[in-house]
$ cat target.csv   # CSV, C-alpha atoms
chain,number,residue,atom,x,y,z
A,9,MET,CA,62.1,-37.9,88.2
A,10,ARG,CA,64.5,-39.7,90.5
A,11,ARG,CA,67.1,-41.9,88.9
A,12,ASP,CA,67.0,-45.7,89.5
A,13,SER,CA,70.5,-46.6,90.7
A,14,ARG,CA,69.9,-50.3,91.4
A,15,LEU,CA,71.9,-51.5,88.4
A,16,SER,CA,74.9,-49.4,89.3
A,17,ARG,CA,74.7,-50.4,93.0
A,18,MET,CA,74.5,-54.1,92.3
A,19,LEU,CA,77.4,-53.9,89.9
A,20,HIS,CA,79.4,-52.1,92.6
A,21,VAL,CA,78.5,-54.8,95.2
A,22,LEU,CA,79.4,-57.7,92.8
A,23,ILE,CA,82.9,-56.2,92.2
A,24,HIS,CA,83.4,-55.6,95.9
A,25,MET,CA,82.4,-59.2,96.6
A,26,ASP,CA,84.9,-60.5,94.0
A,27,ARG,CA,87.8,-58.2,94.8
A,28,HIS,CA,87.5,-57.5,98.5
A,29,CYS,CA,85.2,-59.3,100.8
A,30,LYS,CA,84.2,-62.6,99.1
A,31,ARG,CA,81.2,-62.9,101.5
A,32,ALA,CA,79.1,-60.0,102.8
A,33,THR,CA,76.1,-59.7,105.0
A,34,SER,CA,73.1,-57.6,104.0
A,35,GLU,CA,74.0,-55.3,106.8
A,36,THR,CA,77.6,-54.9,105.5
A,37,ILE,CA,76.3,-54.2,102.0
A,38,SER,CA,73.6,-51.8,103.3
A,39,GLY,CA,76.3,-49.8,105.1
A,40,MET,CA,78.3,-49.6,101.9
A,41,LEU,CA,75.4,-48.4,99.9
A,42,GLY,CA,73.8,-46.2,102.5
A,43,THR,CA,70.5,-48.1,102.4
A,44,ASN,CA,68.4,-50.5,104.5
A,45,PRO,CA,69.4,-54.3,104.7
A,46,VAL,CA,65.8,-55.2,103.6
A,47,VAL,CA,66.4,-53.2,100.3
A,48,VAL,CA,69.7,-55.1,99.9
A,49,ARG,CA,68.1,-58.5,100.4
A,50,ARG,CA,65.4,-57.6,97.9
A,51,MET,CA,68.0,-56.6,95.2
A,52,MET,CA,70.3,-59.5,96.0
A,53,ALA,CA,67.4,-62.0,95.8
A,54,GLY,CA,67.1,-61.4,92.1
A,55,LEU,CA,70.8,-62.2,91.6
A,56,ARG,CA,70.4,-65.3,93.8
A,57,ASP,CA,67.4,-66.5,91.8
A,58,LYS,CA,69.4,-66.2,88.6
A,59,GLY,CA,72.3,-68.2,90.1
A,60,TYR,CA,74.9,-65.4,90.3
A,61,VAL,CA,75.1,-65.3,94.1
A,62,THR,CA,74.3,-67.6,96.9
A,63,SER,CA,73.2,-66.8,100.5
A,64,GLU,CA,73.5,-68.4,103.8
A,65,LYS,CA,71.6,-67.4,107.0
A,66,GLY,CA,72.9,-67.2,110.5
A,67,HIS,CA,76.3,-66.7,112.0
A,68,GLY,CA,79.0,-66.6,109.4
A,69,GLY,CA,76.4,-66.4,106.7
A,70,GLY,CA,75.9,-63.8,104.0
A,71,TRP,CA,76.0,-63.3,100.3
A,72,GLU,CA,78.7,-64.8,98.1
A,73,LEU,CA,79.4,-65.0,94.4
A,74,ALA,CA,78.3,-68.3,92.8
A,75,CYS,CA,80.3,-67.7,89.6
A,76,GLY,CA,83.1,-65.5,88.2
A,77,LEU,CA,82.5,-62.0,87.1
A,78,GLU,CA,83.3,-62.9,83.5
A,79,ALA,CA,80.2,-65.1,83.5
A,80,ILE,CA,77.9,-62.1,84.4
A,81,THR,CA,76.9,-59.4,81.9
A,82,LEU,CA,75.3,-56.0,82.6
A,83,LEU,CA,72.2,-57.4,80.9
A,84,ASP,CA,72.2,-60.3,83.4
A,85,VAL,CA,72.3,-58.0,86.3
A,86,TYR,CA,69.7,-55.6,84.7
A,87,THR,CA,67.4,-58.6,84.2
A,88,ALA,CA,68.0,-59.9,87.7
A,89,ILE,CA,67.0,-56.6,89.3
A,90,GLY,CA,63.7,-56.6,87.4
A,91,ARG,CA,64.4,-54.7,84.2
A,92,PRO,CA,63.7,-51.2,85.6
A,93,PRO,CA,62.8,-48.5,83.0
A,94,LEU,CA,65.8,-47.3,81.1
A,95,PHE,CA,64.5,-43.9,80.1
A,96,ALA,CA,62.6,-41.2,82.0
A,97,ILE,CA,61.0,-39.9,78.8
A,98,GLY,CA,58.2,-41.4,76.9
A,99,PRO,CA,55.0,-40.9,75.0
A,100,SER,CA,52.3,-38.6,76.3
A,101,VAL,CA,48.9,-39.9,77.4
A,102,ASP,CA,47.2,-36.5,78.0
A,103,HIS,CA,45.1,-36.3,74.8
A,104,PRO,CA,45.1,-39.7,73.1
A,105,GLU,CA,42.5,-38.6,70.6
A,106,CYS,CA,44.7,-35.7,69.4
A,107,LEU,CA,46.3,-36.6,66.0
A,108,VAL,CA,49.4,-34.5,66.7
A,109,GLU,CA,49.9,-36.4,70.0
A,110,GLN,CA,49.4,-39.7,68.1
A,111,ALA,CA,52.0,-38.7,65.5
A,112,VAL,CA,54.5,-37.6,68.1
A,113,ASP,CA,54.0,-40.6,70.3
A,114,ALA,CA,54.3,-43.1,67.5
A,115,ARG,CA,57.7,-41.7,66.4
A,116,LEU,CA,58.9,-41.2,69.9
A,117,GLU,CA,57.9,-44.8,70.9
A,118,THR,CA,59.7,-46.2,67.9
A,119,ALA,CA,62.9,-44.2,68.6
A,120,LEU,CA,62.8,-45.2,72.3
A,121,ASN,CA,62.3,-48.9,71.4
A,122,ASP,CA,65.2,-48.8,69.0
A,123,ALA,CA,67.4,-47.1,71.6
A,124,GLU,CA,66.5,-49.6,74.3
A,125,ALA,CA,67.2,-52.5,72.0
A,126,LEU,CA,70.6,-51.0,71.2
A,127,LEU,CA,71.4,-50.4,74.8
A,128,LEU,CA,70.4,-53.9,75.9
A,129,LYS,CA,72.6,-55.3,73.1
A,130,ARG,CA,75.5,-53.3,74.5
A,131,PHE,CA,74.7,-54.4,78.1
A,132,ALA,CA,74.9,-58.1,76.8
A,133,SER,CA,78.5,-57.4,75.5
A,134,ILE,CA,79.9,-56.0,78.8
A,135,THR,CA,80.8,-58.4,81.6
A,136,VAL,CA,81.1,-57.4,85.2
A,137,ALA,CA,84.7,-58.5,84.9
A,138,ASP,CA,85.2,-55.8,82.3
A,139,LEU,CA,84.1,-53.2,84.9
A,140,ALA,CA,86.3,-54.7,87.5
A,141,ASP,CA,89.2,-54.5,85.1
A,142,ASP,CA,88.4,-50.8,84.6
A,143,PHE,CA,88.5,-50.3,88.4
A,144,VAL,CA,92.0,-51.9,88.5
A,145,THR,CA,93.2,-49.5,85.7
A,146,ARG,CA,91.8,-46.5,87.5
A,147,LEU,CA,93.4,-47.6,90.7
A,148,GLY,CA,96.8,-47.9,88.9
A,149,ASP,CA,96.4,-44.5,87.3
A,150,ARG,CA,95.6,-43.0,90.7
A,151,ALA,CA,98.6,-44.6,92.3
A,152,ALA,CA,100.8,-43.3,89.4
A,153,GLU,CA,99.5,-39.8,89.9
A,154,ARG,CA,100.3,-39.9,93.6
A,155,GLY,CA,103.6,-41.6,93.0
A,156,THR,CA,102.7,-44.3,95.4
A,157,SER,CA,101.4,-47.8,95.4
A,158,CYS,CA,97.9,-47.8,96.8
A,159,GLY,CA,95.8,-50.7,97.9
A,160,ALA,CA,92.6,-52.0,96.3
A,161,HIS,CA,90.6,-50.2,99.0
A,162,ASP,CA,91.6,-46.7,97.9
A,163,HIS,CA,88.3,-45.3,97.0
A,164,GLN,CA,85.9,-43.5,99.2
A,165,HIS,CA,82.2,-44.1,100.1
A,166,GLY,CA,80.2,-44.7,103.2
A,167,GLY,CA,80.9,-47.2,105.9
A,168,PRO,CA,83.9,-48.9,107.4
A,169,SER,CA,83.2,-52.1,105.4
A,170,ALA,CA,82.8,-50.1,102.1
A,171,ALA,CA,86.4,-50.6,101.0

$ encode --input "target.csv" --output "structure tokens"
Amino acid sequence: MRRDSRLSRMLHVLIHMDRHCKRATSETISGMLGTNPVVVRRMMAGLRDKGYVTSEKGHGGGWELACGLEAITLLDVYTAIGRPPLFAIGPSVDHPECLVEQAVDARLETALNDAEALLLKRFASITVADLADDFVTRLGDRAAERGTSCGAHDHQHGGPSAA
């Protein structure tokens, strides 16, 4: 099963918008993420609907943060992108009349529900600003390892506007 990376991708975009580009077009973001601008608009629309970003069309338009990263939690972003499934495992539906399958599925479902509740509680306690601070720490550590002072754009991924 393919992993759903929308949460990670949107967190990445929000930090870039805060720390680097302030305003970004769907085309710029799509280049950074290696995806289609339509996909970007779909994901960003959920963040706009929740009030975390704004958008303007036309020349000079694009996406912009509507609030500080400290006001946005991982849970907020997870909810804004549509609450995708957190786990790739789950109960079986092959033989619903089988008592063994019923026993397994009941316990498995309870355990997964408990794990999801715990994870969502943790998501609610982490802000996007916390992640951005982690980036700054890692950047400083990398600069110290190299014995140089490096800029905020010192990480690698696709596109000229990625940094």

$ residues_around --input "target.csv" --residues "Met25 in chain A" --least-positions-apart "2" --cutoff "10 Å" --atoms "only C-alpha atoms" --output "PyMOL selection string"
chain A and resi 19-23+27-32+37+61+71-73+77

$ residues_around --input "target.csv" --residues "Pro99 in chain A" --least-positions-apart "3" --cutoff "7 Å" --atoms "only C-alpha atoms" --output "mmCIF file with C-alpha atoms, keeping the file's coordinate frame"
data_model
loop_
_atom_site.group_PDB
_atom_site.id
_atom_site.type_symbol
_atom_site.label_atom_id
_atom_site.label_comp_id
_atom_site.auth_asym_id
_atom_site.auth_seq_id
_atom_site.Cartn_x
_atom_site.Cartn_y
_atom_site.Cartn_z
ATOM 1 C CA ASP A 113 54.000 -40.600 70.300
ATOM 2 C CA LEU A 116 58.900 -41.200 69.900
ATOM 3 C CA GLU A 117 57.900 -44.800 70.900
#

$ closest_residue --input "target.csv" --among "A:Ile80, A:Val47, A:Ala152, A:Leu107" --to "Ala140 in chain A" --atoms "only C-alpha atoms"
A:Ile80

$ closest_residue --input "target.csv" --among "A:Glu78, A:Glu64, A:Glu105, A:Asp122" --to "Asp138 in chain A" --atoms "all atoms listed in the file"
A:Glu78

$ residues_around --input "target.csv" --residues "Ala132 in chain A" --least-positions-apart "5" --cutoff "8 Å" --atoms "all atoms listed in the file" --output "PDB file with C-alpha atoms, in the frame of the given file"
ATOM      1  CA  THR A  81      76.900 -59.400  81.900  1.00  0.00           C
ATOM      2  CA  LEU A  82      75.300 -56.000  82.600  1.00  0.00           C
ATOM      3  CA  LEU A  83      72.200 -57.400  80.900  1.00  0.00           C
ATOM      4  CA  ASP A  84      72.200 -60.300  83.400  1.00  0.00           C
TER       5      ASP A  84
END

$ atom_distance --input "target.csv" --atom1 "CA of Thr145 in chain A" --atom2 "CA of Phe131 in chain A"
20.6 Å

$ residues_around --input "target.csv" --residues "Asn121 in chain A" --least-positions-apart "6" --cutoff "12 Å" --atoms "all atoms listed in the file" --output "VMD selection string"
chain A and resid 93 to 95 97 to 99 113 to 115 127 to 128

$ atom_distance --input "target.csv" --atom1 "CA of Ala88 in chain A" --atom2 "CA of Gly54 in chain A"
4.7 Å

$ residues_around --input "target.csv" --residues "Leu15 in chain A" --least-positions-apart "5" --cutoff "8 Å" --atoms "only C-alpha atoms" --output "PyMOL selection string"
chain A and resi 85-86+89

$ closest_residue --input "target.csv" --among "A:Ala96, A:Ala151, A:Ala123, A:Val136" --to "Gly76 in chain A" --atoms "all atoms listed in the file"
A:Val136

$ decode --input "target.csv" --residues "range 14-40 of chain A" --atoms "N, CA, C and O atoms" --output "PDB file, in the first residue's frame"
ATOM      1  N   ARG A  14       0.531  13.520   2.188  1.00  0.00           N
ATOM      2  CA  ARG A  14      -0.046  14.870   2.164  1.00  0.00           C
ATOM      3  C   ARG A  14       0.257  15.659   3.429  1.00  0.00           C
ATOM      4  O   ARG A  14       0.565  16.854   3.354  1.00  0.00           O
ATOM      5  N   LEU A  15       0.185  15.029   4.590  1.00  0.00           N
ATOM      6  CA  LEU A  15       0.446  15.744   5.834  1.00  0.00           C
ATOM      7  C   LEU A  15       1.881  16.263   5.854  1.00  0.00           C
ATOM      8  O   LEU A  15       2.126  17.448   6.090  1.00  0.00           O
ATOM      9  N   SER A  16       2.819  15.400   5.572  1.00  0.00           N
ATOM     10  CA  SER A  16       4.226  15.792   5.544  1.00  0.00           C
ATOM     11  C   SER A  16       4.468  16.897   4.528  1.00  0.00           C
ATOM     12  O   SER A  16       5.166  17.881   4.805  1.00  0.00           O
ATOM     13  N   ARG A  17       3.874  16.754   3.367  1.00  0.00           N
ATOM     14  CA  ARG A  17       4.067  17.739   2.305  1.00  0.00           C
ATOM     15  C   ARG A  17       3.501  19.107   2.684  1.00  0.00           C
ATOM     16  O   ARG A  17       4.124  20.136   2.441  1.00  0.00           O
ATOM     17  N   MET A  18       2.332  19.136   3.272  1.00  0.00           N
ATOM     18  CA  MET A  18       1.736  20.418   3.640  1.00  0.00           C
ATOM     19  C   MET A  18       2.492  21.077   4.791  1.00  0.00           C
ATOM     20  O   MET A  18       2.652  22.299   4.818  1.00  0.00           O
ATOM     21  N   LEU A  19       2.995  20.284   5.723  1.00  0.00           N
ATOM     22  CA  LEU A  19       3.814  20.847   6.800  1.00  0.00           C
ATOM     23  C   LEU A  19       5.070  21.474   6.215  1.00  0.00           C
ATOM     24  O   LEU A  19       5.482  22.578   6.602  1.00  0.00           O
ATOM     25  N   HIS A  20       5.679  20.781   5.268  1.00  0.00           N
ATOM     26  CA  HIS A  20       6.872  21.267   4.564  1.00  0.00           C
ATOM     27  C   HIS A  20       6.573  22.619   3.896  1.00  0.00           C
ATOM     28  O   HIS A  20       7.333  23.584   4.036  1.00  0.00           O
ATOM     29  N   VAL A  21       5.463  22.682   3.183  1.00  0.00           N
ATOM     30  CA  VAL A  21       5.085  23.903   2.470  1.00  0.00           C
ATOM     31  C   VAL A  21       4.864  25.059   3.451  1.00  0.00           C
ATOM     32  O   VAL A  21       5.333  26.180   3.223  1.00  0.00           O
ATOM     33  N   LEU A  22       4.161  24.799   4.530  1.00  0.00           N
ATOM     34  CA  LEU A  22       3.883  25.863   5.506  1.00  0.00           C
ATOM     35  C   LEU A  22       5.173  26.437   6.087  1.00  0.00           C
ATOM     36  O   LEU A  22       5.303  27.653   6.249  1.00  0.00           O
ATOM     37  N   ILE A  23       6.132  25.578   6.388  1.00  0.00           N
ATOM     38  CA  ILE A  23       7.408  26.053   6.939  1.00  0.00           C
ATOM     39  C   ILE A  23       8.160  26.867   5.888  1.00  0.00           C
ATOM     40  O   ILE A  23       8.701  27.937   6.194  1.00  0.00           O
ATOM     41  N   HIS A  24       8.170  26.399   4.648  1.00  0.00           N
ATOM     42  CA  HIS A  24       8.807  27.176   3.582  1.00  0.00           C
ATOM     43  C   HIS A  24       8.151  28.540   3.445  1.00  0.00           C
ATOM     44  O   HIS A  24       8.836  29.563   3.299  1.00  0.00           O
ATOM     45  N   MET A  25       6.841  28.576   3.462  1.00  0.00           N
ATOM     46  CA  MET A  25       6.139  29.844   3.308  1.00  0.00           C
ATOM     47  C   MET A  25       6.492  30.796   4.448  1.00  0.00           C
ATOM     48  O   MET A  25       6.663  31.992   4.219  1.00  0.00           O
ATOM     49  N   ASP A  26       6.613  30.283   5.633  1.00  0.00           N
ATOM     50  CA  ASP A  26       6.937  31.123   6.789  1.00  0.00           C
ATOM     51  C   ASP A  26       8.385  31.592   6.761  1.00  0.00           C
ATOM     52  O   ASP A  26       8.675  32.752   7.021  1.00  0.00           O
ATOM     53  N   ARG A  27       9.300  30.676   6.462  1.00  0.00           N
ATOM     54  CA  ARG A  27      10.728  30.963   6.605  1.00  0.00           C
ATOM     55  C   ARG A  27      11.398  31.492   5.349  1.00  0.00           C
ATOM     56  O   ARG A  27      12.449  32.109   5.440  1.00  0.00           O
ATOM     57  N   HIS A  28      10.826  31.211   4.174  1.00  0.00           N
ATOM     58  CA  HIS A  28      11.567  31.505   2.958  1.00  0.00           C
ATOM     59  C   HIS A  28      10.837  32.390   1.961  1.00  0.00           C
ATOM     60  O   HIS A  28      11.376  33.386   1.523  1.00  0.00           O
ATOM     61  N   CYS A  29       9.651  32.014   1.555  1.00  0.00           N
ATOM     62  CA  CYS A  29       9.084  32.703   0.399  1.00  0.00           C
ATOM     63  C   CYS A  29       7.858  33.565   0.701  1.00  0.00           C
ATOM     64  O   CYS A  29       7.436  34.309  -0.165  1.00  0.00           O
ATOM     65  N   LYS A  30       7.291  33.467   1.875  1.00  0.00           N
ATOM     66  CA  LYS A  30       6.113  34.248   2.283  1.00  0.00           C
ATOM     67  C   LYS A  30       4.895  34.019   1.389  1.00  0.00           C
ATOM     68  O   LYS A  30       3.832  33.728   1.871  1.00  0.00           O
ATOM     69  N   ARG A  31       5.041  34.187   0.090  1.00  0.00           N
ATOM     70  CA  ARG A  31       3.940  33.953  -0.842  1.00  0.00           C
ATOM     71  C   ARG A  31       4.447  33.028  -1.940  1.00  0.00           C
ATOM     72  O   ARG A  31       5.537  33.233  -2.463  1.00  0.00           O
ATOM     73  N   ALA A  32       3.645  32.025  -2.272  1.00  0.00           N
ATOM     74  CA  ALA A  32       4.065  31.062  -3.292  1.00  0.00           C
ATOM     75  C   ALA A  32       2.885  30.698  -4.175  1.00  0.00           C
ATOM     76  O   ALA A  32       1.770  30.507  -3.685  1.00  0.00           O
ATOM     77  N   THR A  33       3.139  30.586  -5.455  1.00  0.00           N
ATOM     78  CA  THR A  33       2.097  30.154  -6.385  1.00  0.00           C
ATOM     79  C   THR A  33       1.958  28.635  -6.322  1.00  0.00           C
ATOM     80  O   THR A  33       2.860  27.930  -5.842  1.00  0.00           O
ATOM     81  N   SER A  34       0.861  28.145  -6.819  1.00  0.00           N
ATOM     82  CA  SER A  34       0.657  26.697  -6.898  1.00  0.00           C
ATOM     83  C   SER A  34       1.735  26.057  -7.760  1.00  0.00           C
ATOM     84  O   SER A  34       2.190  24.943  -7.478  1.00  0.00           O
ATOM     85  N   GLU A  35       2.170  26.760  -8.794  1.00  0.00           N
ATOM     86  CA  GLU A  35       3.217  26.247  -9.672  1.00  0.00           C
ATOM     87  C   GLU A  35       4.545  26.131  -8.924  1.00  0.00           C
ATOM     88  O   GLU A  35       5.268  25.145  -9.077  1.00  0.00           O
ATOM     89  N   THR A  36       4.876  27.135  -8.119  1.00  0.00           N
ATOM     90  CA  THR A  36       6.109  27.097  -7.336  1.00  0.00           C
ATOM     91  C   THR A  36       6.072  25.937  -6.349  1.00  0.00           C
ATOM     92  O   THR A  36       7.037  25.171  -6.231  1.00  0.00           O
ATOM     93  N   ILE A  37       4.959  25.797  -5.655  1.00  0.00           N
ATOM     94  CA  ILE A  37       4.819  24.717  -4.667  1.00  0.00           C
ATOM     95  C   ILE A  37       4.863  23.361  -5.363  1.00  0.00           C
ATOM     96  O   ILE A  37       5.501  22.424  -4.883  1.00  0.00           O
ATOM     97  N   SER A  38       4.206  23.254  -6.509  1.00  0.00           N
ATOM     98  CA  SER A  38       4.201  21.968  -7.220  1.00  0.00           C
ATOM     99  C   SER A  38       5.609  21.591  -7.662  1.00  0.00           C
ATOM    100  O   SER A  38       5.975  20.421  -7.629  1.00  0.00           O
ATOM    101  N   GLY A  39       6.415  22.575  -8.044  1.00  0.00           N
ATOM    102  CA  GLY A  39       7.802  22.304  -8.396  1.00  0.00           C
ATOM    103  C   GLY A  39       8.599  21.817  -7.203  1.00  0.00           C
ATOM    104  O   GLY A  39       9.425  20.914  -7.309  1.00  0.00           O
ATOM    105  N   MET A  40       8.341  22.405  -6.045  1.00  0.00           N
ATOM    106  CA  MET A  40       9.019  22.006  -4.816  1.00  0.00           C
ATOM    107  C   MET A  40       8.657  20.569  -4.440  1.00  0.00           C
ATOM    108  O   MET A  40       9.516  19.800  -4.010  1.00  0.00           O
TER     109      MET A  40
END
